[in-house]
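One structure below.
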Amino acid sequence: MTTVPLPSSRRAAGIALNAGLVIFVVLYAAIALLQPNYLEPGLFMNFLRRAAPLLILACGQLYVILTGGFDLSMGAVATLVVLAASILINGDPDATWAVIGTLYVMGIAVGLVNGLVVAFLKVPSIITTLGTMLLVNGLALAWSGGAARGDLPDNFRNLGRLVWRGVPVIGTLPLAVVVIAGFVALAWWGLNGTVYGKRALAVGDNPRAAELAGTPVAVTRILAFVVSAVSAVTAGILLGGFSGVSVNAGEGLELQAIAACVIGGAQLLGGRGSIWSAVFGALSLFALFTLLNILGLPQALRDSIQGLILIAAVGASMWRSRKRN
Amino acid sequence: MKLRTILAASVALSFAGQALAQDFNDPAEFKKQREQLSMKPQGPEGQPWAQHLGDGMVDTAKYKKDGQVTICFSNAGVFNPWRVVGLNNLNAEAELHKDRLKELIVVDAEGKDDKQISDIEALVSGGKCDALIVSPNTTAALTPAVEAACGKLPVIVFDRGVNTQCPVTYIHPVGGYGFGITSGEFIASKLQKGANVLALRIMPGVDVLETRYSAAKNIFDEAGIKVVGSEFTGSDRAKTKSIVEDYINRGEKIDAVWMDAGDTATAALEAFEDAGLPYPVISGEDQQDFLRKWQSEKLTAIGPSYPTYQWRTAIIAALDVLDGKQVPGPEWVLPQPAITEDVLAKYVDERMPPLHYSLCGCQELPGYPERWGGKK
């Protein structure tokens, strides 16, 4: 039984890689056409640095999407991380690493709640995580009193802000890019180096069949939400590092992360996708934001164009997957 | 490049009709606020929250009430740091008047018009309130509810207005044009003709913000300063920093950054830091994080304000009305100071949180600084 889905998932991963990558290359070429200096390694690194939070969120979201769910709570978790870090650290550089540990524990707790409710109470994930989103947002707001408090010391901010200059070949290397590389490698290993990836695809494709085949469906789902929450904490740390404390740091990021996965070729409601769907989908989406910024169009129109392109990309991915079936 | 121009032009045309429909560029109001900025305020020296500009007074003898009173406050919401600081000011001011004030009832509309309308109805029909303070969520939607309340008890409106003359007085600082004039004139005075300024704004379509921009834009146009971009940040620090980085990456020199609100000013400055460029001339607001950066980096900057001390004025006005004293009206125009280089040190307070609005007039109030989130 378990050998059946393997060839199709491997093929899907290959196709997804191409779709996301092609969109990204086209969009980035358009940016470079308008503004040739984006081809310099320094600006490309800066592009990656700014795309880092979305990219990491997309990787986490992909785990949940593969198992057939959504995680709407990740934006709220990222906001909570930024606010909690500033309140807990409050400018004391010695507290940074202990607080980062605490933040991960908090994130994992949110992920566990999401996973347990979805797996055992059988509440649809979109409702569960909508609930945790409101809960976490409310907690963050109540804790901070609605305004940013405290301060982030430099060693915390460096994770999202530090750029090494004078690096051979590429010139500059932001620390955030190293964080992405590490996170993507781990996320890739989780899906391809362990049995987990195949289980996730099986659960997303047909949970009943997976269960009958002996896949631990509940554990698989819970783990997906935990990974997603861990990615939200990581993204929150990078966001806080990049730009400092704000009460709306993670607003809307959960939807962008879902959109990124779909643009990259992951299938909503599960069963198909690879880590590269998330990576190149996120890069495509961020390239689109950058392109629209560079075009200098009025905000209202930018939003509409963004919406149109998203619908087109998602439509195209649906059309491709239907053709395959 | 050509395609970009054509695209931009066609878009501009399609939006032009809409832009004309709403007028945020009223020369008469611009002139009035410019005059108010240089007017000498009346009232107690050093207490701008109790001062007023202009001569209009209204008689309130008919509202006089002896003994202890209850004041009710219908708040639009506490959805941003400005309103958080403001509400703390209001509560602290109320504490000063314990002997006269039996109770202060605060109802939060959570940013919803319909909730605020029913809040006001409930407060009025509840019969406990002797006076009603309203900080309206939106102008047009709240007008009928305020009108209905006016028939039952004295009403005081502050911050955003309503389209009716029925409240005893409407408290507000000089206004959006004044904010834009102060910041625009400072930037224009520091730059040469032909220099570039980047305008960063929170969101389109909000009158108090649009007027700030239109006033500053007028001044830049007059001075021959080029506005290279006008971008909306949604008050988001990450977005602000990204936008400024995009402009820096375009290779155009940015001599100044003008902002319609200062909460992301430090994020904009960080973009210059990270790119290894010198700081631009900048207009922010009166938030602590900006003032600290200004002081430590010796910026060329100004901090115009939309002072939060108007929340104190609301309580003062309500009590004056119940005392039967004359109050400034029908509009109580408060002075709208700006923080400049020479008074900067006076407003930097390391104990306060980064987004604390320094022109809160709250330093002498009970509970400072902890009530405002500061450290002892």
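Residues in the structure tokens are numbered from 1 in each chain, the chains being A, B, ... in the order shown, and ligands are numbered from 1 in the order shown.
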
(Q) Taking only C-alpha atoms into account and nothing else, which residues of chain B lie no more than 6 Å away from chain A? Please answer as a PyMOL selection string. (A) chain B and resi 81+237-238+267+353

Would you put the residues from that selection into a file with N, CA and C atoms, as a PDB file, in the first residue's frame?
ATOM      1  N   PRO B  81      -1.015  53.240  20.030  1.00  0.00           N
ATOM      2  CA  PRO B  81      -0.295  53.758  21.204  1.00  0.00           C
ATOM      3  C   PRO B  81      -0.727  55.168  21.587  1.00  0.00           C
ATOM      4  N   ARG B 237       6.576  48.780  10.937  1.00  0.00           N
ATOM      5  CA  ARG B 237       8.005  49.110  10.918  1.00  0.00           C
ATOM      6  C   ARG B 237       8.745  48.371   9.817  1.00  0.00           C
ATOM      7  N   ALA B 238       8.430  47.070   9.644  1.00  0.00           N
ATOM      8  CA  ALA B 238       9.145  46.285   8.634  1.00  0.00           C
ATOM      9  C   ALA B 238       8.864  46.850   7.250  1.00  0.00           C
ATOM     10  N   ALA B 267      12.490  53.220  12.273  1.00  0.00           N
ATOM     11  CA  ALA B 267      12.668  52.173  11.257  1.00  0.00           C
ATOM     12  C   ALA B 267      13.178  52.800   9.956  1.00  0.00           C
ATOM     13  N   PRO B 353       8.489  53.912  27.809  1.00  0.00           N
ATOM     14  CA  PRO B 353       8.545  52.959  26.692  1.00  0.00           C
ATOM     15  C   PRO B 353       8.761  53.679  25.349  1.00  0.00           C
TER      16      PRO B 353
END

Q: Pick out the residues sitting within 6 Å of Gly262 of chain B, and hand them over as an NGL selection string; count only C-alpha atoms, and ignore anything fewer than 3 positions along from it in its own chain.
A: :B and (265 or 284-285)

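A straight line drawn from atom CA of Val162 of chain B to atom CA of Pro144 of chain B is 9.0 Å long.
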
Q: Excluding Pro93 of chain A and residues on its chain fewer than 4 positions from it, collect all residues at most 12 Å away from it, counting only C-alpha atoms, and give them as a list in words.
A: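 The neighbour list is Ala85, Ser86, Leu88, Ile89, Trp97, Ala98, Val99, Ile100, Asp151, Leu152, Pro153, Asp154, Asn155, Phe156, Arg157 and Asn158 of chain A.
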
Based on the selection just made, write N, CA and C atoms of those residues as a PDB file, in the first residue's frame.
ATOM      1  N   ALA A  85       9.352  39.312  23.315  1.00  0.00           N
ATOM      2  CA  ALA A  85      10.809  39.470  23.385  1.00  0.00           C
ATOM      3  C   ALA A  85      11.163  40.833  23.952  1.00  0.00           C
ATOM      4  N   SER A  86      10.477  41.883  23.476  1.00  0.00           N
ATOM      5  CA  SER A  86      10.858  43.219  23.933  1.00  0.00           C
ATOM      6  C   SER A  86      10.500  43.412  25.401  1.00  0.00           C
ATOM      7  N   LEU A  88      10.171  40.913  27.734  1.00  0.00           N
ATOM      8  CA  LEU A  88      10.962  40.027  28.597  1.00  0.00           C
ATOM      9  C   LEU A  88      12.435  40.421  28.631  1.00  0.00           C
ATOM     10  N   ILE A  89      12.984  40.782  27.465  1.00  0.00           N
ATOM     11  CA  ILE A  89      14.414  41.119  27.435  1.00  0.00           C
ATOM     12  C   ILE A  89      14.620  42.519  27.991  1.00  0.00           C
ATOM     13  N   TRP A  97      19.390  35.068  25.100  1.00  0.00           N
ATOM     14  CA  TRP A  97      19.306  33.655  24.703  1.00  0.00           C
ATOM     15  C   TRP A  97      18.295  32.893  25.537  1.00  0.00           C
ATOM     16  N   ALA A  98      18.210  33.237  26.835  1.00  0.00           N
ATOM     17  CA  ALA A  98      17.213  32.584  27.681  1.00  0.00           C
ATOM     18  C   ALA A  98      15.812  32.909  27.172  1.00  0.00           C
ATOM     19  N   VAL A  99      15.606  34.166  26.799  1.00  0.00           N
ATOM     20  CA  VAL A  99      14.279  34.567  26.332  1.00  0.00           C
ATOM     21  C   VAL A  99      13.944  33.877  25.014  1.00  0.00           C
ATOM     22  N   ILE A 100      14.942  33.761  24.123  1.00  0.00           N
ATOM     23  CA  ILE A 100      14.676  33.079  22.846  1.00  0.00           C
ATOM     24  C   ILE A 100      14.214  31.648  23.123  1.00  0.00           C
ATOM     25  N   ASP A 151      12.447  46.996  25.125  1.00  0.00           N
ATOM     26  CA  ASP A 151      13.431  47.316  24.119  1.00  0.00           C
ATOM     27  C   ASP A 151      14.158  46.050  23.713  1.00  0.00           C
ATOM     28  N   LEU A 152      14.607  45.998  22.472  1.00  0.00           N
ATOM     29  CA  LEU A 152      15.375  44.840  22.020  1.00  0.00           C
ATOM     30  C   LEU A 152      16.845  45.213  21.947  1.00  0.00           C
ATOM     31  N   PRO A 153      17.721  44.448  22.627  1.00  0.00           N
ATOM     32  CA  PRO A 153      19.144  44.781  22.579  1.00  0.00           C
ATOM     33  C   PRO A 153      19.750  44.376  21.236  1.00  0.00           C
ATOM     34  N   ASP A 154      20.958  44.856  20.967  1.00  0.00           N
ATOM     35  CA  ASP A 154      21.571  44.615  19.661  1.00  0.00           C
ATOM     36  C   ASP A 154      21.785  43.142  19.358  1.00  0.00           C
ATOM     37  N   ASN A 155      22.144  42.335  20.387  1.00  0.00           N
ATOM     38  CA  ASN A 155      22.436  40.940  20.052  1.00  0.00           C
ATOM     39  C   ASN A 155      21.183  40.180  19.620  1.00  0.00           C
ATOM     40  N   PHE A 156      20.002  40.632  20.051  1.00  0.00           N
ATOM     41  CA  PHE A 156      18.758  40.044  19.548  1.00  0.00           C
ATOM     42  C   PHE A 156      18.493  40.559  18.136  1.00  0.00           C
ATOM     43  N   ARG A 157      18.641  41.868  17.967  1.00  0.00           N
ATOM     44  CA  ARG A 157      18.324  42.471  16.670  1.00  0.00           C
ATOM     45  C   ARG A 157      19.254  41.991  15.561  1.00  0.00           C
ATOM     46  N   ASN A 158      20.497  41.625  15.935  1.00  0.00           N
ATOM     47  CA  ASN A 158      21.443  41.182  14.921  1.00  0.00           C
ATOM     48  C   ASN A 158      20.935  40.018  14.085  1.00  0.00           C
TER      49      ASN A 158
END

Q. From the set A:Val219, A:Met133, A:Gly91, A:Val226, which residue has the shortest atom-to-atom contact distance to Pro354 of chain B, counting only C-alpha atoms?
A.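 Once distances to Pro354 of chain B are computed over only C-alpha atoms, the minimum belongs to A:Gly91.
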
Q: Write out as an MDAnalysis selection string each polymer residue whose atoms come within 8 Å of Ala145 of chain B, counting only C-alpha atoms; drop sequence neighbours fewer than 6 positions from it.
A: chainID B and resid 117 120:121

Q. As a PyMOL selection string, which residues of segment 128-283 of chain A does DSSP assign to helix (DSSP H, G or I)?
A. chain A and resi 128-144+154-161+175-193+196-205+207-212+217-243+253-263+275-283

Q. Running DSSP on the backbone, which parts of segment 66-183 of chain A land in strand (DSSP E or B), as JSON, numbers by chain?
A. {"A": [163, 164, 165, 166, 167, 171, 172, 173, 174]}

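Look at segment 305-315 of chain A: the protein and nucleic acid residues within 10 Å of it, using only C-alpha atoms and passing over chain neighbours fewer than 5 places away, are Ala19, Gly20, Ile23, Gln256, Ala259, Ala260, Cys261, Val262, Ile263, Gly264, Gly265, Ala266, Gln267, Leu268, Gly281, Leu285, Leu288, Phe289, Leu292, Leu297, Gln299, Ala300, Arg320 and Ser321 of chain A.
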